[in-house]
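Raw protein-v9.csv, CSV, C-alpha atoms:
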```csv
chain,number,residue,atom,x,y,z
A,1,MET,CA,0.0,0.0,0.0
A,2,SER,CA,1.4,3.4,-1.0
A,3,LEU,CA,0.8,6.6,0.9
A,4,ASP,CA,0.2,10.1,-0.4
A,5,ARG,CA,2.1,12.0,2.2
A,6,THR,CA,0.1,15.2,1.4
A,7,ASP,CA,-3.3,13.6,2.1
A,8,PRO,CA,-3.6,12.1,5.6
A,9,ALA,CA,-7.4,12.8,5.8
A,10,GLY,CA,-8.0,10.9,2.6
A,11,ALA,CA,-5.9,8.0,3.7
A,12,ILE,CA,-7.6,7.8,7.1
A,13,ALA,CA,-11.0,7.9,5.5
A,14,ALA,CA,-10.2,5.2,3.0
A,15,ALA,CA,-8.6,2.9,5.6
A,16,ALA,CA,-11.5,3.5,8.0
A,17,LYS,CA,-14.0,2.4,5.3
A,18,ARG,CA,-12.0,-0.7,4.4
A,19,CYS,CA,-11.4,-1.7,8.0
A,20,SER,CA,-14.6,-0.7,9.8
A,21,ASN,CA,-16.0,-3.2,12.3
A,22,TRP,CA,-19.0,-1.0,13.1
A,23,GLY,CA,-22.1,-3.2,13.7
A,24,ARG,CA,-20.1,-6.4,13.5
A,25,TRP,CA,-21.2,-7.3,17.1
A,26,GLY,CA,-24.4,-5.3,17.1
A,27,ALA,CA,-25.3,-1.7,17.6
A,28,ASP,CA,-24.8,-1.9,21.4
A,29,ASP,CA,-21.4,-3.4,21.4
A,30,VAL,CA,-18.8,-1.9,23.8
A,31,ARG,CA,-16.0,-4.4,23.6
A,32,GLY,CA,-14.8,-4.2,20.0
A,33,THR,CA,-12.1,-6.6,19.1
A,34,MET,CA,-12.2,-8.1,22.6
A,35,ASN,CA,-15.1,-10.1,21.2
A,36,PHE,CA,-12.5,-12.2,19.4
A,37,LEU,CA,-11.0,-13.3,22.7
A,38,THR,CA,-13.6,-16.0,23.5
A,39,PRO,CA,-13.6,-18.5,26.3
A,40,ALA,CA,-12.2,-21.1,23.9
A,41,LYS,CA,-9.3,-18.8,23.1
A,42,ARG,CA,-8.7,-18.2,26.8
A,43,LYS,CA,-8.6,-21.9,27.4
A,44,GLN,CA,-6.1,-22.3,24.6
A,45,GLY,CA,-3.9,-19.6,26.1
A,46,ALA,CA,-4.0,-21.1,29.6
A,47,ALA,CA,-2.7,-24.4,28.1
A,48,LEU,CA,0.5,-22.7,27.1
A,49,VAL,CA,1.8,-22.6,30.7
A,50,ARG,CA,4.5,-25.4,30.7
A,51,ARG,CA,7.4,-24.1,32.7
A,52,GLY,CA,5.7,-21.8,35.2
A,53,VAL,CA,8.1,-18.9,34.4
A,54,SER,CA,6.5,-15.5,34.6
A,55,PHE,CA,7.4,-12.0,33.4
A,56,SER,CA,6.0,-8.7,34.4
A,57,LEU,CA,5.7,-6.5,31.2
A,58,ALA,CA,5.2,-3.3,33.1
A,59,GLN,CA,7.5,-0.3,33.4
A,60,SER,CA,7.9,1.2,36.9
A,61,PHE,CA,5.3,3.6,38.1
A,62,ASP,CA,7.5,6.3,39.7
A,63,MET,CA,9.0,9.7,39.2
A,64,ASP,CA,11.8,8.3,37.1
A,65,GLY,CA,9.4,7.6,34.2
A,66,PRO,CA,9.5,9.1,30.7
A,67,GLN,CA,6.8,11.7,30.9
A,68,LYS,CA,7.6,15.4,30.4
A,69,GLY,CA,4.2,17.0,31.0
A,70,TRP,CA,2.7,17.0,27.4
A,71,ARG,CA,-1.0,17.6,27.7
A,72,ARG,CA,-0.6,17.4,31.5
A,73,ARG,CA,0.8,13.9,31.4
A,74,THR,CA,3.2,13.6,34.3
A,75,ASN,CA,5.0,10.8,36.0
A,76,PRO,CA,3.3,9.2,39.0
A,77,VAL,CA,3.5,11.1,42.3
A,78,HIS,CA,3.7,8.7,45.2
A,79,THR,CA,3.0,10.2,48.7
A,80,MET,CA,3.0,8.6,52.1
A,81,LEU,CA,-0.1,9.2,54.3
A,82,ASP,CA,1.2,7.3,57.3
A,83,THR,CA,4.8,6.2,57.9
A,84,GLY,CA,7.0,4.1,60.2
A,85,THR,CA,8.3,7.3,61.7
A,86,ASP,CA,4.8,8.3,62.6
A,87,ALA,CA,4.3,4.9,64.2
A,88,ALA,CA,7.5,5.1,66.1
A,89,ALA,CA,6.5,8.5,67.4
A,90,GLY,CA,3.3,7.1,68.7
A,91,ILE,CA,1.1,9.7,67.0
A,92,GLN,CA,-1.2,7.4,65.0
A,93,GLY,CA,-3.6,6.8,67.8
A,94,PHE,CA,-3.8,3.0,67.6
A,95,PRO,CA,-4.0,0.9,70.8
A,96,HIS,CA,-1.5,-1.7,72.1
A,97,GLY,CA,1.4,-0.6,70.0
A,98,LEU,CA,-0.1,-1.1,66.6
A,99,GLY,CA,1.4,1.0,63.8
A,100,GLY,CA,1.0,1.1,60.1
A,101,ALA,CA,1.8,2.8,56.8
A,102,ASP,CA,-0.5,4.1,54.1
A,103,ASP,CA,0.1,5.8,50.8
A,104,ILE,CA,-1.5,7.5,47.8
A,105,ILE,CA,-0.6,7.8,44.2
A,106,ALA,CA,-1.6,10.6,41.7
A,107,MET,CA,-1.0,10.0,38.0
A,108,PRO,CA,-2.5,10.2,34.6
A,109,LEU,CA,-3.8,6.8,33.7
A,110,GLN,CA,-1.6,6.7,30.6
A,111,CYS,CA,1.7,7.8,32.0
A,112,SER,CA,3.3,4.3,32.0
A,113,THR,CA,2.5,0.8,30.8
A,114,GLN,CA,-1.2,1.0,29.9
A,115,TRP,CA,-4.1,0.2,27.6
A,116,ASP,CA,-5.9,2.7,25.4
A,117,GLY,CA,-9.6,2.1,25.7
A,118,LEU,CA,-12.2,2.5,23.0
A,119,GLY,CA,-13.2,6.0,24.3
A,120,HIS,CA,-9.6,7.3,23.9
A,121,ILE,CA,-9.7,8.4,20.2
A,122,PHE,CA,-12.4,9.7,17.9
A,123,ASP,CA,-12.6,10.3,14.2
A,124,HIS,CA,-14.3,13.6,13.3
A,125,GLY,CA,-16.3,13.5,16.5
A,126,ILE,CA,-17.3,9.9,16.2
A,127,ALA,CA,-16.4,7.1,18.7
A,128,TRP,CA,-16.3,3.4,18.4
A,129,ASN,CA,-19.3,1.7,16.6
A,130,GLY,CA,-20.4,5.0,15.1
A,131,ARG,CA,-21.5,6.8,18.3
A,132,PRO,CA,-21.2,10.6,18.7
A,133,ALA,CA,-18.2,11.2,20.9
A,134,GLY,CA,-20.1,13.8,22.9
A,135,GLU,CA,-22.6,11.2,23.9
A,136,VAL,CA,-19.9,8.7,24.9
A,137,VAL,CA,-17.3,10.6,26.9
A,138,THR,CA,-18.3,13.6,29.0
A,139,SER,CA,-16.8,15.3,32.0
A,140,LEU,CA,-18.2,12.4,34.0
A,141,GLY,CA,-16.1,9.9,32.0
A,142,ASP,CA,-16.8,7.3,29.3
A,143,ALA,CA,-20.3,6.2,30.1
A,144,VAL,CA,-20.5,3.6,27.3
A,145,THR,CA,-17.1,2.0,26.6
A,146,GLY,CA,-15.3,2.8,29.9
A,147,ILE,CA,-12.3,0.6,30.5
A,148,GLU,CA,-14.2,-1.3,33.2
A,149,THR,CA,-16.3,-3.0,30.4
A,150,VAL,CA,-13.3,-5.2,29.5
A,151,ALA,CA,-11.8,-5.7,33.0
A,152,ASP,CA,-12.7,-9.4,33.0
A,153,VAL,CA,-11.7,-10.1,29.4
A,154,ILE,CA,-8.1,-9.3,28.7
A,155,ALA,CA,-6.4,-12.6,29.4
A,156,GLY,CA,-5.5,-15.2,26.7
A,157,ARG,CA,-2.9,-16.3,24.2
A,158,GLY,CA,-0.1,-13.7,23.9
A,159,VAL,CA,2.3,-13.7,21.0
A,160,LEU,CA,5.6,-11.8,20.9
A,161,LEU,CA,6.9,-10.5,17.5
A,162,ASP,CA,10.4,-9.3,18.2
A,163,VAL,CA,10.7,-7.1,15.1
A,164,GLY,CA,13.7,-5.3,16.7
A,165,ARG,CA,15.7,-8.5,16.7
A,166,THR,CA,14.5,-9.9,13.3
A,167,ILE,CA,14.7,-6.7,11.3
A,168,GLY,CA,16.8,-4.3,13.3
A,169,THR,CA,20.4,-4.0,14.3
A,170,ASP,CA,21.6,-5.4,17.6
A,171,GLY,CA,18.0,-6.0,18.6
A,172,GLU,CA,16.8,-2.5,17.9
A,173,LEU,CA,15.0,-0.5,15.2
A,174,PRO,CA,16.0,3.1,14.6
A,175,ASP,CA,13.6,5.9,15.5
A,176,GLY,CA,11.3,6.7,12.7
A,177,PHE,CA,11.3,3.1,11.3
A,178,PRO,CA,7.8,2.2,10.0
A,179,ILE,CA,7.0,-1.5,10.7
A,180,THR,CA,5.0,-2.8,7.8
A,181,ALA,CA,2.9,-5.9,7.5
A,182,GLU,CA,5.7,-7.4,5.5
A,183,HIS,CA,8.0,-6.9,8.5
A,184,LEU,CA,5.5,-8.5,10.8
A,185,ARG,CA,5.2,-11.5,8.5
A,186,ALA,CA,8.9,-11.8,8.1
A,187,THR,CA,9.3,-11.8,11.9
A,188,ILE,CA,6.7,-14.6,12.2
A,189,ASP,CA,8.5,-16.7,9.6
A,190,GLU,CA,11.8,-16.1,11.3
A,191,GLN,CA,10.6,-17.0,14.8
A,192,GLY,CA,8.7,-20.1,13.7
A,193,PRO,CA,5.2,-21.6,14.3
A,194,THR,CA,4.8,-20.5,17.9
A,195,SER,CA,4.6,-16.9,16.7
A,196,LYS,CA,1.8,-17.5,14.2
A,197,VAL,CA,-0.9,-14.9,14.8
A,198,ALA,CA,-4.5,-16.1,15.0
A,199,THR,CA,-8.0,-14.7,15.8
A,200,GLY,CA,-8.3,-13.5,19.4
A,201,ASP,CA,-4.6,-13.2,20.1
A,202,ILE,CA,-2.9,-10.4,22.0
A,203,VAL,CA,0.1,-9.4,19.9
A,204,LEU,CA,3.2,-7.8,21.5
A,205,VAL,CA,5.6,-6.0,19.1
A,206,ARG,CA,9.0,-5.3,20.4
A,207,THR,CA,11.0,-2.6,18.7
A,208,GLY,CA,13.9,-2.3,21.1
A,209,GLN,CA,13.3,1.5,21.7
A,210,LEU,CA,12.7,1.0,25.4
A,211,ALA,CA,16.0,-0.8,25.8
A,212,ARG,CA,17.7,2.1,24.0
A,213,ALA,CA,16.0,4.6,26.2
A,214,ARG,CA,17.1,2.8,29.3
A,215,ARG,CA,20.7,2.7,28.0
A,216,ASP,CA,20.9,6.2,26.7
A,217,GLY,CA,18.3,8.1,28.8
A,218,TRP,CA,14.7,8.9,28.2
A,219,GLY,CA,15.3,11.8,25.9
A,220,ASP,CA,12.2,12.2,23.7
A,221,TYR,CA,10.8,8.7,24.3
A,222,ALA,CA,7.6,10.4,25.4
A,223,GLY,CA,6.2,11.9,22.2
A,224,GLY,CA,9.4,12.0,20.1
A,225,PRO,CA,10.6,10.0,17.1
A,226,ALA,CA,10.1,6.3,17.5
A,227,PRO,CA,9.9,3.1,15.5
A,228,GLY,CA,6.4,1.8,15.3
A,229,LEU,CA,3.5,0.3,13.3
A,230,SER,CA,3.2,1.8,9.8
A,231,PHE,CA,-0.2,3.3,8.8
A,232,THR,CA,-0.2,0.7,6.1
A,233,THR,CA,-0.7,-2.0,8.7
A,234,ALA,CA,-4.3,-1.0,9.3
A,235,GLU,CA,-5.6,-3.9,7.1
A,236,TRP,CA,-3.3,-6.4,8.8
A,237,LEU,CA,-4.6,-5.3,12.2
A,238,HIS,CA,-8.2,-5.7,10.9
A,239,ASP,CA,-7.8,-8.8,8.9
A,240,THR,CA,-5.9,-10.9,11.5
A,241,GLU,CA,-8.8,-10.4,13.9
A,242,ILE,CA,-6.5,-9.9,16.9
A,243,ALA,CA,-8.0,-8.9,20.2
A,244,ALA,CA,-5.3,-6.3,21.0
A,245,ILE,CA,-1.8,-5.2,20.2
A,246,ALA,CA,0.9,-3.5,22.4
A,247,THR,CA,4.4,-2.2,21.8
A,248,ASP,CA,7.4,-1.0,23.9
A,249,THR,CA,7.0,2.6,22.6
A,250,TRP,CA,5.2,5.7,23.8
A,251,GLY,CA,2.7,5.9,20.9
A,252,PHE,CA,2.4,2.5,19.2
A,253,GLU,CA,2.7,3.8,15.7
A,254,VAL,CA,5.8,5.1,13.9
A,255,ARG,CA,6.8,8.7,14.7
A,256,PRO,CA,7.2,11.0,12.9
A,257,ASN,CA,4.0,9.8,11.3
A,258,GLU,CA,4.1,9.0,7.6
A,259,PHE,CA,2.4,12.2,6.4
A,260,ASP,CA,3.6,15.7,6.0
A,261,ASP,CA,1.1,17.0,8.6
A,262,ALA,CA,-0.4,14.4,10.9
A,263,PHE,CA,-0.7,13.2,14.4
A,264,GLN,CA,-1.3,9.5,15.3
A,265,PRO,CA,-3.4,8.7,12.2
A,266,LEU,CA,-3.3,4.9,12.8
A,267,HIS,CA,-4.9,5.5,16.2
A,268,GLN,CA,-7.7,7.3,14.3
A,269,VAL,CA,-8.5,4.1,12.3
A,270,ALA,CA,-7.6,1.4,14.9
A,271,ILE,CA,-9.6,2.6,17.9
A,272,PRO,CA,-12.8,4.2,16.6
A,273,HIS,CA,-13.2,2.0,13.5
A,274,ILE,CA,-11.6,-1.3,14.1
A,275,GLY,CA,-12.4,-1.2,17.8
A,276,LEU,CA,-8.9,-2.4,18.6
A,277,PHE,CA,-7.3,-2.0,22.0
A,278,LEU,CA,-3.8,-0.6,21.9
A,279,GLY,CA,-1.1,-1.0,24.6
A,280,GLU,CA,1.8,1.3,25.0
A,281,MET,CA,5.1,1.5,26.9
A,282,TRP,CA,5.2,-2.2,27.7
A,283,ASP,CA,8.5,-3.7,28.8
A,284,LEU,CA,9.1,-6.7,26.6
A,285,ASP,CA,12.9,-7.1,26.9
A,286,ALA,CA,13.1,-9.9,29.5
A,287,LEU,CA,10.3,-11.8,27.8
A,288,ALA,CA,12.0,-11.4,24.5
A,289,GLU,CA,15.3,-12.8,25.8
A,290,ASP,CA,13.5,-15.9,27.2
A,291,CYS,CA,11.6,-16.4,23.9
A,292,ARG,CA,14.9,-16.2,22.0
A,293,ALA,CA,16.5,-18.7,24.3
A,294,ASP,CA,13.8,-21.4,24.2
A,295,GLY,CA,12.3,-20.6,20.7
A,296,VAL,CA,8.8,-20.3,22.1
A,297,TYR,CA,7.0,-17.0,21.3
A,298,GLU,CA,3.5,-17.8,22.6
A,299,PHE,CA,2.4,-17.7,26.3
A,300,TRP,CA,-0.5,-17.2,28.6
A,301,LEU,CA,-1.0,-13.4,29.1
A,302,ASN,CA,-3.1,-11.8,31.8
A,303,ALA,CA,-3.3,-8.0,31.1
A,304,ALA,CA,-6.5,-6.9,32.9
A,305,PRO,CA,-6.9,-3.2,33.3
A,306,LEU,CA,-8.0,-1.6,36.6
A,307,PRO,CA,-11.8,-1.4,36.5
A,308,ILE,CA,-11.8,2.4,36.8
A,309,THR,CA,-15.4,3.3,36.0
A,310,GLY,CA,-15.6,5.6,33.0
A,311,ALA,CA,-11.8,5.7,32.3
A,312,VAL,CA,-10.6,5.8,28.6
A,313,GLY,CA,-7.4,4.0,29.5
A,314,SER,CA,-5.8,2.2,32.4
A,315,PRO,CA,-2.5,1.3,33.9
A,316,VAL,CA,-1.7,-2.4,33.7
A,317,ASN,CA,0.8,-4.8,35.0
A,318,PRO,CA,0.7,-7.5,32.3
A,319,ILE,CA,1.9,-10.9,33.3
A,320,ALA,CA,3.2,-13.4,30.7
A,321,VAL,CA,3.6,-17.0,31.8
A,322,LYS,CA,5.4,-19.7,29.8
```
Can I see the file as structure tokens?
Amino acid sequence: MSLDRTDPAGAIAAAAKRCSNWGRWGADDVRGTMNFLTPAKRKQGAALVRRGVSFSLAQSFDMDGPQKGWRRRTNPVHTMLDTGTDAAAGIQGFPHGLGGADDIIAMPLQCSTQWDGLGHIFDHGIAWNGRPAGEVVTSLGDAVTGIETVADVIAGRGVLLDVGRTIGTDGELPDGFPITAEHLRATIDEQGPTSKVATGDIVLVRTGQLARARRDGWGDYAGGPAPGLSFTTAEWLHDTEIAAIATDTWGFEVRPNEFDDAFQPLHQVAIPHIGLFLGEMWDLDALAEDCRADGVYEFWLNAAPLPITGAVGSPVNPIAVK
């Protein structure tokens, strides 16, 4: 698929028409591609646990994260409400020597490892399944497709596509590298049959950018140039019938985007039209090393969001088990 760099609006409209899942699961649907992750698929995923080795795919939630304040996205602020020093001073008011500690965290829901929900992105004021965005998300939150609607769903067969290792140099793709469907297929062929992508899978794409950021510093990891999915993968994302896809980058798709003047155009197709859940800032490095060592790129993946009522995204601590 070739792109006219001067016409992002036309490319978005054409891709949205080709890849639309509106009405596929009925006019009232709120789960989009999570409908592909059926009980049978979940049972298949659970059967992949053979060694009992588990990997957290989350970055840390602390002040050392990548955020720089763009659109009020900051790193988490963790504050103690009660401490051991309070307990030692005897000022907590508990009887018989009891003491304790409590804490609080304040953070944007998409400041570290997270899911984009279906209420996160609109296309010309239209949300997932053709609903007016203003009737879906208001100052009270997402009353239709809030992230809580999939809190019990996102667990199943995970598949790692280590594109950074297959296509890149020393396990990393350079910033600005557009990952095409051909690159994804080449990675699957290189990795072997355990990385075959099927309906209902949760696909994880490793670019290696997070490894580079940890080595060289965050720099512009949050919002700057990055390897990522090409706009031309919209059909692949639709036709494979995957339930979700996540990457180790800030914004999932390649940055700068592939048009002269555009901002996250693949999001504009994937979320409101395909109904696809996107994960960002996942830490895939340790899992990738294990997959490379044993040659198995499929695993049980539990990546449930926090059931925050009305939220358009959620922090997540994904756990992959092999």
Skip Gly164 (chain A) itself and residues of its chain fewer than 4 positions away, then list as number ranges by chain all residues within 7 Å of it, counting all atoms listed in the file.
A: 168, 171-173, 206-208
Pick out the residues sitting within 10 Å of Ile126 (chain A), and hand them over as a PDB file with C-alpha atoms, in the coordinates of the input; count all atoms listed in the file, and ignore anything fewer than 4 positions along from it in its own chain.
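Below is the file part_4.pdb, written as the result:
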```pdb
ATOM      1  CA  GLY A 119     -13.200   6.000  24.300  1.00  0.00           C
ATOM      2  CA  ILE A 121      -9.700   8.400  20.200  1.00  0.00           C
ATOM      3  CA  PHE A 122     -12.400   9.700  17.900  1.00  0.00           C
ATOM      4  CA  GLY A 130     -20.400   5.000  15.100  1.00  0.00           C
ATOM      5  CA  ARG A 131     -21.500   6.800  18.300  1.00  0.00           C
ATOM      6  CA  PRO A 132     -21.200  10.600  18.700  1.00  0.00           C
ATOM      7  CA  ALA A 133     -18.200  11.200  20.900  1.00  0.00           C
ATOM      8  CA  GLY A 134     -20.100  13.800  22.900  1.00  0.00           C
ATOM      9  CA  GLU A 135     -22.600  11.200  23.900  1.00  0.00           C
ATOM     10  CA  VAL A 136     -19.900   8.700  24.900  1.00  0.00           C
ATOM     11  CA  PRO A 272     -12.800   4.200  16.600  1.00  0.00           C
ATOM     12  CA  HIS A 273     -13.200   2.000  13.500  1.00  0.00           C
TER      13      HIS A 273
END
```
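For the set A:Ala243, A:Ala9, A:Leu118, A:Ala58, the residue with the smallest atom-to-atom gap to Asp29 (chain A) is A:Leu118, counting all atoms listed in the file.
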If you measure from CA of Asp123 (chain A) to CA of Thr6 (chain A), what distance in Å do you get, rounded to one decimal?
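Value for the CA of Asp123 (chain A)-CA of Thr6 (chain A) distance: 18.7 Å.
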Write out as a PyMOL selection string which residues come within 8 Å of region 11-14 of chain A when counting only C-alpha atoms, dropping same-chain ones fewer than 5 positions away.
chain A and resi 3-4+265-266+268-269
Resulting file, chosen residues, C-alpha atoms, as a PDB file, keeping the file's coordinate frame:
```pdb
ATOM      1  CA  LEU A   3       0.800   6.600   0.900  1.00  0.00           C
ATOM      2  CA  ASP A   4       0.200  10.100  -0.400  1.00  0.00           C
ATOM      3  CA  PRO A 265      -3.400   8.700  12.200  1.00  0.00           C
ATOM      4  CA  LEU A 266      -3.300   4.900  12.800  1.00  0.00           C
ATOM      5  CA  GLN A 268      -7.700   7.300  14.300  1.00  0.00           C
ATOM      6  CA  VAL A 269      -8.500   4.100  12.300  1.00  0.00           C
TER       7      VAL A 269
END
```
Distance criterion (all atoms listed in the file): nearest to Thr180 (chain A) out of A:Glu258, A:Glu298, A:Asp152, A:Asp201
A:Glu258
Quick one: everything within 10 Å of Ser56 (chain A), counting only C-alpha atoms, minus sequence neighbours fewer than 6 positions away in the same chain. Send it as a list of chain:residue names.
A:Trp282, A:Asp283, A:Leu284, A:Ala286, A:Leu287, A:Leu301, A:Asn302, A:Ala303, A:Val316, A:Asn317, A:Pro318, A:Ile319, A:Ala320, A:Val321
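For Ala288 (chain A), the set of protein, DNA and RNA residues having any atom at most 9 Å away, when counting only C-alpha atoms and skipping those fewer than 4 positions along the same chain, is Leu160, Leu161, Asp162, Arg206, Leu284, Arg292, Ala293 and Tyr297 of chain A.
The nearest approach to Val296 (chain A) among the residues A:Gly219, A:Pro225, A:Gly313, A:Gly158, with only C-alpha atoms taken into account, belongs to A:Gly158.
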What separation in Å, quoted to one decimal, exists between CA of Val144 (chain A) and CA of Val30 (chain A)?
6.7 Å
Counting only C-alpha atoms, the residue of A:Ala244, A:Met107, A:Ala234, A:Ala155 that sits nearest Ala15 (chain A):
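Under the stated criterion, the closest residue is A:Ala234.
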Just checking: using all atoms listed in the file, which residue out of A:Gln92, A:Thr166, A:Gln110, A:Thr240 ends up closest to Ile202 (chain A)?
A:Thr240
Among listed residues A:Phe252, A:Leu204, A:Ile154, A:Asp216, nearest Arg42 (chain A) (using all atoms listed in the file):
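Using all atoms listed in the file, Arg42 (chain A) sits closest to A:Ile154.
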